[in-house]
Amino acid sequence: MTELRPILAILVSAAAIPVILSLKGRPNLREGVTLTVAFAKFGIIASMVPGVLNGTEYEFVVGQFATGIELAFNVDPLGLLFGLLASLLWIVTSFYSIGYMRGLDEHAQTRYFASFAASLASAVGVAFASNLLTLFVCYELLTVSTYPLVTHDETDEARAAGRKYLAYTFGGGVAVLGGTVLVFVLTGTTAFTPGGLEGLATADPTLARTAFALLAAGFGVKAALMPAHSWLPDAMVAPTPVSGLLHAVAVVKSGVFGIARVVLDVYGTGTMEQLGVGLPLAAVAAFTLLTASVIALRQDNLKRRLAYSTISQLSYIVLGLALLKGDALVGGLLHIPAHAFMKLTLFFCAGAIHVETHTDDISDMAGIGKRMPLTMAAFGVAAAGMAGIPLVAGFVSKWYLVIGALDGGGTVFAAALLVSGVLNIAYFWPIVYQAYFESPEGHDEKPLIGGPLGGRDAVRADGGAAESDEPSTETVEEVPEPQHVDHLGKHHEDVEHHGGPPAGGWTKAGWRGGESTWFMLGPILTAATLSLLLGTVPNTVVFLRIVTTIVGNLPGVTL
């Protein structure tokens with residue numbers, strides 16, 4: 001059905017950019033425009049949900065490229081999944097951004113909100129693109145529009161992270177373009193077709209595999225598949241709302257969304273099996289999810305630990321797609337919103353801790369549950385979901401993934417998923433435990449962070465610490481006490497508070513919201529609630545219905 005709504009969903013936030021820029025001196029009105037546009041964008045996309053679930057696809061053709069390929073946008077179930085998620089969480093993040101940016105009195109707030117609007121326009125363009133070339137254009141626009149957000153702090157570290165971000169993502173874009181051209185040469189089209197393009201099944205296998213490798217590698221950069229992952233931890237230098245929405249929802253999810261398009265609508269599960277390209281992709285995903293989990297154990301900076309957790313969790317999605325079986329596909333696609341709700345909660349919690357206490361390192365957070373009880377409770381809920389504990393969203397998606405892996409004979413991949421769940425508990429539980437059950441004076445060194453096993457330099461067989469008869473001659477260099485910690489733990493000397501508990505210990509905030517502004521607490525609790533709803537009543541949450549519609553429409557795939 002030809003409709004204006006697909007293009008309106010993109011243009012509504014794009015048109016808001018000059019309005020936001022013109023309101024630099026009127027922050028209340030500027031944020032009011034941001035929230036109004038965010039609600040309008042979500043309303044436009046949500047209005048198409050009933051039709052799409054009933055089999056209607058909404059399309060708008062802008063024009064044609066020089067090759068005759070249309071610049072067109074089409075709302076099908078897969079595009080709706082990504083577009084609805086991004087627009088919903090933009091509302092939540094917009095409220096959070098107000099509390100965060102004003103709480104830190106950040107500079108360039110107008111540029112920040114304008115760049116956010118541009119990023120969401122590009123992300124929805126990625127979601128609704130009807131062919132590979134349109135997807136490529138929006139994919140590159142997303143890179144450009146998010147660069148000012150990554151480099152927002154304007155420090156040397158931020159600029160270096162921005163350059164690395166551009167190098168990696170533009171390099172991935174070149175690979176996507178190369179794969180797109182090769183698909184067009186082999187089939188004469190780049191249009192998305194459920195079940196895949198027929199021409200690829202009969203094309204030269206070597207060229208078809210080459211095109212798949214280029215597309216998977218190109219989209220795999222933003223999906224943070226190893227070894228093209230290191231831009232993501234460095235990009236944590238960005239403000240926390242950026243890390244939350246763009247690096248847990250829009251940017252990284254555009255990578256896994258691109259892989260989903262390639263697997264489901266360009267090649268199809270049948271051609272993937274025929275060419276034998278699913279197993280190598282699954283192997284890369286399994287390696288990434290395990291390795292990133294192990295690396296996360298060693299990160300003391302909270303945002304960097306969350307970044308490596310994101311790398312691992314994104315590979316759950318890719319693994320589900322690569323297994324090519326019904327339940328695995330459902331699990332992989334459902335993990336897109338599940339991970340988004342949980343990881344957004346975790347990043348929001350990290351940002352609230354930073355704003356209120358300037359604390360970024362896990363080793364400084366013993367007893368912080370007394371100061372921020374609601375925040376750390378939400379953190380605990382989301383962390384449990386990331387580990388696959390029942391009643392939270394992560395359990396539902398990972399259940400489907402494990403069942404799908406076992407049904408397809410991928411026992412080794414099922415084992416990898418279970419081991420990764422244990423590693424999730426290992427790097428999240430110490431944070432929650434020390435927040436509520438330890439004090440700044442009495443907490444021990446966490447061996448999973450950086451110390452030797454057991455938390456001591458040497459251990460005797462009886463459990464006591466080994467003592468040396470020789471007096472120590474080691475000199476300890478006096479390090480000036482840092483006076484401020486920025487988004488990535490970089491120290492500055494122009495702010496009095498430096499992070500960690502104050503001299504008198506954490507003050508008790510109580511459970512009524514005194515720990516922070518409700519502009520931040522509200523979004524934290526909202527995201528955590530969405531995680532619980534998807535985990536407890538998944539059939540009443542529209543995302544599971546969309547996912548089952550996507551997989552149910554695939555030829556040759558049974559649920």
# chains A, B, ... in the order shown; residues from 1 in each chain; ligands from 1
$ residues_around --residues "region 9-14 of chain A" --least-positions-apart "5" --cutoff "10 Å" --atoms "only C-alpha atoms" --output "ChimeraX atom specification"
/A:4,19,33-34,36-38,40-45,73,83,87,114-128
$ residues_around --residues "region 352-367 of chain A" --least-positions-apart "2" --cutoff "6 Å" --atoms "only C-alpha atoms" --output "list in words"
Asp300, Asn301, Leu302, Cys349, Ala350, Gly369, Lys370, Gln434, Ala435, Tyr436, Glu438, Ser439, Pro440, Gly499 and Gly500 of chain A
$ residues_around --residues "Leu314 (chain A)" --least-positions-apart "5" --cutoff "9 Å" --atoms "only C-alpha atoms" --output "PDB file with N, CA and C atoms, in the first residue's frame"
ATOM      1  N   ALA A 223      27.810  -4.177  14.291  1.00  0.00           N
ATOM      2  CA  ALA A 223      27.359  -5.214  15.216  1.00  0.00           C
ATOM      3  C   ALA A 223      28.464  -5.636  16.170  1.00  0.00           C
ATOM      4  N   ALA A 224      29.662  -5.049  16.018  1.00  0.00           N
ATOM      5  CA  ALA A 224      30.799  -5.270  16.916  1.00  0.00           C
ATOM      6  C   ALA A 224      31.244  -6.728  16.960  1.00  0.00           C
ATOM      7  N   LEU A 225      31.148  -7.428  15.826  1.00  0.00           N
ATOM      8  CA  LEU A 225      31.707  -8.777  15.759  1.00  0.00           C
ATOM      9  C   LEU A 225      33.225  -8.696  15.772  1.00  0.00           C
ATOM     10  N   VAL A 252      24.431   0.084  17.058  1.00  0.00           N
ATOM     11  CA  VAL A 252      24.813  -1.327  17.028  1.00  0.00           C
ATOM     12  C   VAL A 252      23.671  -2.195  16.506  1.00  0.00           C
ATOM     13  N   LYS A 253      22.435  -1.812  16.817  1.00  0.00           N
ATOM     14  CA  LYS A 253      21.317  -2.595  16.316  1.00  0.00           C
ATOM     15  C   LYS A 253      21.155  -2.425  14.810  1.00  0.00           C
ATOM     16  N   VAL A 256      23.228  -5.364  13.459  1.00  0.00           N
ATOM     17  CA  VAL A 256      22.571  -6.681  13.506  1.00  0.00           C
ATOM     18  C   VAL A 256      21.310  -6.687  12.646  1.00  0.00           C
ATOM     19  N   ALA A 285      30.197 -15.537  15.714  1.00  0.00           N
ATOM     20  CA  ALA A 285      29.334 -15.009  16.766  1.00  0.00           C
ATOM     21  C   ALA A 285      29.600 -15.704  18.101  1.00  0.00           C
ATOM     22  N   LEU A 289      30.881 -13.800  21.504  1.00  0.00           N
ATOM     23  CA  LEU A 289      30.095 -13.703  22.740  1.00  0.00           C
ATOM     24  C   LEU A 289      30.855 -14.267  23.936  1.00  0.00           C
ATOM     25  N   SER A 309      30.031  -6.125  27.480  1.00  0.00           N
ATOM     26  CA  SER A 309      28.807  -6.909  27.592  1.00  0.00           C
ATOM     27  C   SER A 309      27.941  -6.733  26.350  1.00  0.00           C
ATOM     28  N   LEU A 319      24.127 -14.999  16.285  1.00  0.00           N
ATOM     29  CA  LEU A 319      24.142 -16.455  16.380  1.00  0.00           C
ATOM     30  C   LEU A 319      22.760 -17.026  16.079  1.00  0.00           C
ATOM     31  N   HIS A 335      15.771 -10.933  20.887  1.00  0.00           N
ATOM     32  CA  HIS A 335      16.826 -10.371  21.724  1.00  0.00           C
ATOM     33  C   HIS A 335      17.157  -8.936  21.322  1.00  0.00           C
ATOM     34  N   ILE A 336      16.701  -8.497  20.147  1.00  0.00           N
ATOM     35  CA  ILE A 336      16.913  -7.090  19.765  1.00  0.00           C
ATOM     36  C   ILE A 336      16.199  -6.169  20.747  1.00  0.00           C
ATOM     37  N   HIS A 339      17.472  -7.038  24.658  1.00  0.00           N
ATOM     38  CA  HIS A 339      18.767  -6.451  24.995  1.00  0.00           C
ATOM     39  C   HIS A 339      18.666  -4.935  25.103  1.00  0.00           C
TER      40      HIS A 339
END
$ residues_around --residues "Ala238 (chain A)" --least-positions-apart "5" --cutoff "10 Å" --atoms "only C-alpha atoms" --output "tab-separated table (two decimals) with N, CA, C and O atoms, in the first residue's frame"
chain	number	residue	atom	x	y	z
A	147	TYR	N	28.44	10.93	14.76
A	147	TYR	CA	29.81	11.35	15.06
A	147	TYR	C	29.86	12.52	16.05
A	147	TYR	O	30.66	12.49	17.00
A	148	PRO	N	29.03	13.58	15.89
A	148	PRO	CA	29.10	14.66	16.89
A	148	PRO	C	28.73	14.20	18.30
A	148	PRO	O	29.17	14.82	19.28
A	149	LEU	N	27.94	13.15	18.41
A	149	LEU	CA	27.58	12.64	19.73
A	149	LEU	C	28.74	11.88	20.36
A	149	LEU	O	28.98	11.99	21.57
A	150	VAL	N	29.45	11.10	19.56
A	150	VAL	CA	30.60	10.37	20.07
A	150	VAL	C	31.68	11.33	20.55
A	150	VAL	O	32.33	11.11	21.58
A	151	THR	N	31.88	12.43	19.82
A	151	THR	CA	32.94	13.39	20.14
A	151	THR	C	32.43	14.57	20.96
A	151	THR	O	33.07	15.62	21.01
A	152	HIS	N	31.30	14.42	21.61
A	152	HIS	CA	30.65	15.54	22.30
A	152	HIS	C	31.55	16.23	23.31
A	152	HIS	O	31.54	17.46	23.42
A	153	ASP	N	32.36	15.47	24.04
A	153	ASP	CA	33.19	16.07	25.09
A	153	ASP	C	34.28	16.98	24.53
A	153	ASP	O	34.83	17.81	25.26
A	154	GLU	N	34.64	16.79	23.27
A	154	GLU	CA	35.65	17.61	22.58
A	154	GLU	C	37.03	17.52	23.24
A	154	GLU	O	37.85	18.43	23.12
A	157	GLU	N	40.70	12.52	23.93
A	157	GLU	CA	40.21	11.14	23.94
A	157	GLU	C	38.94	11.01	23.10
A	157	GLU	O	38.77	10.03	22.36
A	158	ALA	N	38.06	12.00	23.20
A	158	ALA	CA	36.81	11.95	22.43
A	158	ALA	C	37.08	12.05	20.94
A	158	ALA	O	36.48	11.34	20.13
A	161	ALA	N	38.52	8.79	19.75
A	161	ALA	CA	37.46	7.79	19.65
A	161	ALA	C	36.59	8.04	18.43
A	161	ALA	O	36.16	7.10	17.74
A	162	GLY	N	36.34	9.32	18.13
A	162	GLY	CA	35.55	9.65	16.95
A	162	GLY	C	36.23	9.26	15.66
A	162	GLY	O	35.59	8.74	14.73
A	243	SER	N	25.59	6.59	24.81
A	243	SER	CA	25.98	5.19	24.97
A	243	SER	C	24.74	4.31	25.08
A	243	SER	O	24.69	3.21	24.53
A	244	GLY	N	23.71	4.82	25.77
A	244	GLY	CA	22.52	4.03	25.99
A	244	GLY	C	21.72	3.80	24.72
A	244	GLY	O	21.51	2.67	24.30
A	247	HIS	N	24.39	3.23	21.31
A	247	HIS	CA	25.30	2.10	21.37
A	247	HIS	C	24.67	0.88	22.04
A	247	HIS	O	25.33	-0.13	22.25
A	486	ASP	N	35.51	11.85	34.25
A	486	ASP	CA	34.56	12.11	33.17
A	486	ASP	C	33.93	10.81	32.72
A	486	ASP	O	33.97	9.80	33.39
A	487	HIS	N	33.32	10.82	31.52
A	487	HIS	CA	32.53	9.69	31.05
A	487	HIS	C	33.32	8.39	30.99
A	487	HIS	O	32.79	7.31	31.17
A	488	LEU	N	34.62	8.49	30.73
A	488	LEU	CA	35.43	7.27	30.61
A	488	LEU	C	36.42	7.13	31.75
A	488	LEU	O	37.37	6.38	31.65
